Amino acid sequence: QAQLEESGGGLVQAGDSLRLSCVGPGRTFSSYAKGWFRQAPEKEREFVAAIRWDGSNAYYADSVKDRFTISRDNAVNTVYLQMNSLKPEDTAVYYCAADRETYYRGSAYYTQILVYDYWGQGTQVTVSS
């Protein structure tokens, strides 16, 4: 079964930066759209950012826009989430997800949890005040 593996989480102070990485699914590149979601304690999982398979479009939640940047390197089958100016409210488990993309489906599509077929185990990000 295809898997995703996240890394890069940790404990930082407010205002610091972190970069998350996610490798997969599989060992070779395929045309997957990829997204980052997060889940804080006692809250529902929420959309953070997503990027189309070729990097042509990226989408962000309003809460992270202008602070977070999603990017990808298809040569190494990896997607990144650069997180700057971190806030305590960014504390959550961050999950990487992938959806095999066959055609463009509109921006709203990529923000929806249910469209993603593959998920990682998550990486903890904790931001202290």
# chains A, B, ... in the order shown; residues from 1 in each chain; ligands from 1

$ residues_around --residues "Tyr116 in chain A" --least-positions-apart "6" --cutoff "12 Å" --atoms "only C-alpha atoms" --output "VMD selection string"
chain A and resid 4 25 32 to 37 47 50 95 to 101 109 to 110

$ residues_around --residues "Glu5 in chain A" --least-positions-apart "6" --cutoff "6 Å" --atoms "only C-alpha atoms" --output "number ranges by chain"
A: 22-23, 120

$ write_last_selection --atoms "N, CA, C and O atoms" --output "short mmCIF file (atom, residue, chain, number, x, y, z; two decimals), in the first residue's frame"
data_model
loop_
_atom_site.label_atom_id
_atom_site.label_comp_id
_atom_site.auth_asym_id
_atom_site.auth_seq_id
_atom_site.Cartn_x
_atom_site.Cartn_y
_atom_site.Cartn_z
N CYS A 22 7.56 15.66 3.22
CA CYS A 22 6.72 14.47 3.06
C CYS A 22 7.15 13.73 1.81
O CYS A 22 7.10 14.29 0.71
N VAL A 23 7.56 12.50 1.99
CA VAL A 23 8.01 11.68 0.87
C VAL A 23 6.94 10.65 0.53
O VAL A 23 6.32 10.06 1.40
N GLY A 120 -0.19 10.26 5.59
CA GLY A 120 0.92 9.91 6.44
C GLY A 120 0.46 9.74 7.88
O GLY A 120 -0.71 9.95 8.21
#

$ select_by_dssp --residues "chain A" --states "helix (DSSP H, G or I)" --output "ChimeraX atom specification"
/A:74-76,88-90,107-111,113-115

$ write_last_selection --atoms "N, CA and C atoms" --output "PDB file, in the first residue's frame"
ATOM      1  N   ASN A  74       9.481  17.022  -7.541  1.00  0.00           N
ATOM      2  CA  ASN A  74       9.048  15.736  -8.072  1.00  0.00           C
ATOM      3  C   ASN A  74      10.215  14.806  -8.358  1.00  0.00           C
ATOM      4  N   ALA A  75      11.398  15.336  -8.503  1.00  0.00           N
ATOM      5  CA  ALA A  75      12.566  14.486  -8.749  1.00  0.00           C
ATOM      6  C   ALA A  75      12.846  13.562  -7.565  1.00  0.00           C
ATOM      7  N   VAL A  76      12.456  14.006  -6.368  1.00  0.00           N
ATOM      8  CA  VAL A  76      12.646  13.178  -5.169  1.00  0.00           C
ATOM      9  C   VAL A  76      11.317  12.838  -4.513  1.00  0.00           C
ATOM     10  N   PRO A  88       1.453  30.106  18.528  1.00  0.00           N
ATOM     11  CA  PRO A  88       0.987  28.987  19.369  1.00  0.00           C
ATOM     12  C   PRO A  88      -0.232  28.277  18.789  1.00  0.00           C
ATOM     13  N   GLU A  89      -1.086  29.001  18.107  1.00  0.00           N
ATOM     14  CA  GLU A  89      -2.277  28.378  17.518  1.00  0.00           C
ATOM     15  C   GLU A  89      -1.958  27.489  16.326  1.00  0.00           C
ATOM     16  N   ASP A  90      -0.712  27.470  15.890  1.00  0.00           N
ATOM     17  CA  ASP A  90      -0.297  26.537  14.842  1.00  0.00           C
ATOM     18  C   ASP A  90       0.041  25.171  15.421  1.00  0.00           C
ATOM     19  N   SER A 107     -10.239  24.961  -7.576  1.00  0.00           N
ATOM     20  CA  SER A 107      -9.444  25.202  -6.374  1.00  0.00           C
ATOM     21  C   SER A 107     -10.052  24.587  -5.114  1.00  0.00           C
ATOM     22  N   ALA A 108     -11.364  24.617  -4.990  1.00  0.00           N
ATOM     23  CA  ALA A 108     -12.011  24.120  -3.767  1.00  0.00           C
ATOM     24  C   ALA A 108     -11.765  22.633  -3.555  1.00  0.00           C
ATOM     25  N   TYR A 109     -11.608  21.909  -4.636  1.00  0.00           N
ATOM     26  CA  TYR A 109     -11.416  20.456  -4.568  1.00  0.00           C
ATOM     27  C   TYR A 109     -10.218  20.100  -3.695  1.00  0.00           C
ATOM     28  N   TYR A 110      -9.133  20.806  -3.854  1.00  0.00           N
ATOM     29  CA  TYR A 110      -7.875  20.451  -3.212  1.00  0.00           C
ATOM     30  C   TYR A 110      -7.862  20.753  -1.725  1.00  0.00           C
ATOM     31  N   THR A 111      -8.871  21.460  -1.229  1.00  0.00           N
ATOM     32  CA  THR A 111      -8.930  21.778   0.189  1.00  0.00           C
ATOM     33  C   THR A 111      -9.742  20.767   0.992  1.00  0.00           C
ATOM     34  N   ILE A 113     -10.723  17.259   2.683  1.00  0.00           N
ATOM     35  CA  ILE A 113     -10.075  16.084   3.265  1.00  0.00           C
ATOM     36  C   ILE A 113     -10.463  14.810   2.524  1.00  0.00           C
ATOM     37  N   LEU A 114     -11.708  14.659   2.185  1.00  0.00           N
ATOM     38  CA  LEU A 114     -12.232  13.383   1.679  1.00  0.00           C
ATOM     39  C   LEU A 114     -11.691  13.008   0.307  1.00  0.00           C
ATOM     40  N   VAL A 115     -11.117  13.959  -0.431  1.00  0.00           N
ATOM     41  CA  VAL A 115     -10.649  13.615  -1.780  1.00  0.00           C
ATOM     42  C   VAL A 115      -9.282  12.937  -1.762  1.00  0.00           C
TER      43      VAL A 115
END

$ closest_residue --among "A:Leu20, A:Val48, A:Val12, A:Ala58" --to "Val79 in chain A" --atoms "only C-alpha atoms"
A:Leu20

$ closest_residue --among "A:Gln121, A:Ser63, A:Ser85, A:Ser128" --to "Ala49 in chain A" --atoms "only C-alpha atoms"
A:Ser63

$ select_by_dssp --residues "chain A" --states "strand (DSSP E)" --output "PyMOL selection string"
chain A and resi 5-7+10-13+18-23+32-39+46-51+58-60+68-73+78-83+92-100+118-119+123-128

$ closest_residue --among "A:Leu81, A:Tyr118, A:Ala92, A:Val125" --to "Tyr59 in chain A" --atoms "only C-alpha atoms"
A:Leu81

$ residues_around --residues "Thr102 in chain A" --least-positions-apart "6" --cutoff "12 Å" --atoms "only C-alpha atoms" --output "PyMOL selection string"
chain A and resi 30-33+52-54

$ closest_residue --among "A:Ser21, A:Gly106, A:Glu46, A:Ala40" --to "Ser71 in chain A" --atoms "only C-alpha atoms"
A:Ser21

$ residues_around --residues "Asn84 in chain A" --least-positions-apart "6" --cutoff "10 Å" --atoms "only C-alpha atoms" --output "ChimeraX atom specification"
/A:14-19,64,66-69

$ write_last_selection --atoms "all heavy atoms" --output "mmCIF file, in the first residue's frame"
data_model
loop_
_atom_site.group_PDB
_atom_site.id
_atom_site.type_symbol
_atom_site.label_atom_id
_atom_site.label_comp_id
_atom_site.auth_asym_id
_atom_site.auth_seq_id
_atom_site.Cartn_x
_atom_site.Cartn_y
_atom_site.Cartn_z
ATOM 1 N N ALA A 14 7.349 30.878 19.488
ATOM 2 C CA ALA A 14 6.580 31.753 18.611
ATOM 3 C C ALA A 14 7.526 32.654 17.817
ATOM 4 O O ALA A 14 8.491 33.188 18.371
ATOM 5 C CB ALA A 14 5.613 32.595 19.439
ATOM 6 N N GLY A 15 7.234 32.771 16.529
ATOM 7 C CA GLY A 15 8.064 33.563 15.637
ATOM 8 C C GLY A 15 9.122 32.767 14.903
ATOM 9 O O GLY A 15 9.709 33.265 13.926
ATOM 10 N N ASP A 16 9.365 31.545 15.333
ATOM 11 C CA ASP A 16 10.358 30.696 14.680
ATOM 12 C C ASP A 16 9.803 30.087 13.396
ATOM 13 O O ASP A 16 8.621 30.260 13.069
ATOM 14 C CB ASP A 16 10.806 29.576 15.629
ATOM 15 C CG ASP A 16 11.722 30.075 16.723
ATOM 16 O OD1 ASP A 16 12.160 31.254 16.661
ATOM 17 O OD2 ASP A 16 12.000 29.294 17.661
ATOM 18 N N SER A 17 10.669 29.356 12.712
ATOM 19 C CA SER A 17 10.296 28.689 11.461
ATOM 20 C C SER A 17 10.582 27.193 11.560
ATOM 21 O O SER A 17 11.441 26.757 12.325
ATOM 22 C CB SER A 17 11.085 29.270 10.296
ATOM 23 O OG SER A 17 10.813 30.646 10.121
ATOM 24 N N LEU A 18 9.835 26.438 10.767
ATOM 25 C CA LEU A 18 10.062 25.003 10.604
ATOM 26 C C LEU A 18 9.771 24.646 9.156
ATOM 27 O O LEU A 18 8.952 25.312 8.501
ATOM 28 C CB LEU A 18 9.131 24.181 11.494
ATOM 29 C CG LEU A 18 9.499 23.905 12.945
ATOM 30 C CD1 LEU A 18 8.373 23.152 13.625
ATOM 31 C CD2 LEU A 18 10.811 23.142 13.052
ATOM 32 N N ARG A 19 10.412 23.592 8.674
ATOM 33 C CA ARG A 19 10.076 23.066 7.352
ATOM 34 C C ARG A 19 9.726 21.600 7.492
ATOM 35 O O ARG A 19 10.541 20.788 7.941
ATOM 36 C CB ARG A 19 11.220 23.232 6.358
ATOM 37 C CG ARG A 19 10.782 22.887 4.939
ATOM 38 C CD ARG A 19 11.849 23.121 3.891
ATOM 39 N NE ARG A 19 12.823 22.039 3.838
ATOM 40 C CZ ARG A 19 13.558 21.770 2.765
ATOM 41 N NH1 ARG A 19 13.418 22.499 1.676
ATOM 42 N NH2 ARG A 19 14.438 20.790 2.802
ATOM 43 N N VAL A 64 -3.030 30.642 7.404
ATOM 44 C CA VAL A 64 -1.588 30.451 7.194
ATOM 45 C C VAL A 64 -1.068 31.218 5.993
ATOM 46 O O VAL A 64 0.147 31.237 5.745
ATOM 47 C CB VAL A 64 -1.241 28.960 7.044
ATOM 48 C CG1 VAL A 64 -1.766 28.163 8.231
ATOM 49 C CG2 VAL A 64 -1.750 28.392 5.729
ATOM 50 N N ASP A 66 0.476 33.788 3.623
ATOM 51 C CA ASP A 66 1.563 34.759 3.812
ATOM 52 C C ASP A 66 2.555 34.337 4.887
ATOM 53 O O ASP A 66 3.546 35.044 5.111
ATOM 54 C CB ASP A 66 1.023 36.156 4.164
ATOM 55 C CG ASP A 66 0.146 36.735 3.067
ATOM 56 O OD1 ASP A 66 0.426 36.451 1.887
ATOM 57 O OD2 ASP A 66 -0.814 37.445 3.383
ATOM 58 N N ARG A 67 2.315 33.220 5.558
ATOM 59 C CA ARG A 67 3.292 32.692 6.531
ATOM 60 C C ARG A 67 3.842 31.340 6.099
ATOM 61 O O ARG A 67 5.015 31.029 6.342
ATOM 62 C CB ARG A 67 2.653 32.551 7.912
ATOM 63 C CG ARG A 67 2.188 33.860 8.532
ATOM 64 C CD ARG A 67 1.779 33.677 9.986
ATOM 65 N NE ARG A 67 0.667 32.738 10.128
ATOM 66 C CZ ARG A 67 0.707 31.642 10.877
ATOM 67 N NH1 ARG A 67 1.804 31.333 11.553
ATOM 68 N NH2 ARG A 67 -0.363 30.853 10.970
ATOM 69 N N PHE A 68 2.988 30.512 5.491
ATOM 70 C CA PHE A 68 3.381 29.169 5.073
ATOM 71 C C PHE A 68 3.527 29.118 3.560
ATOM 72 O O PHE A 68 2.791 29.803 2.835
ATOM 73 C CB PHE A 68 2.334 28.151 5.493
ATOM 74 C CG PHE A 68 2.222 27.906 6.988
ATOM 75 C CD1 PHE A 68 2.873 28.705 7.908
ATOM 76 C CD2 PHE A 68 1.450 26.850 7.447
ATOM 77 C CE1 PHE A 68 2.761 28.472 9.268
ATOM 78 C CE2 PHE A 68 1.335 26.595 8.811
ATOM 79 C CZ PHE A 68 1.983 27.416 9.716
ATOM 80 N N THR A 69 4.438 28.271 3.097
ATOM 81 C CA THR A 69 4.626 28.059 1.664
ATOM 82 C C THR A 69 4.743 26.573 1.390
ATOM 83 O O THR A 69 5.575 25.891 1.996
ATOM 84 C CB THR A 69 5.877 28.776 1.154
ATOM 85 O OG1 THR A 69 5.781 30.178 1.432
ATOM 86 C CG2 THR A 69 6.024 28.584 -0.350
#
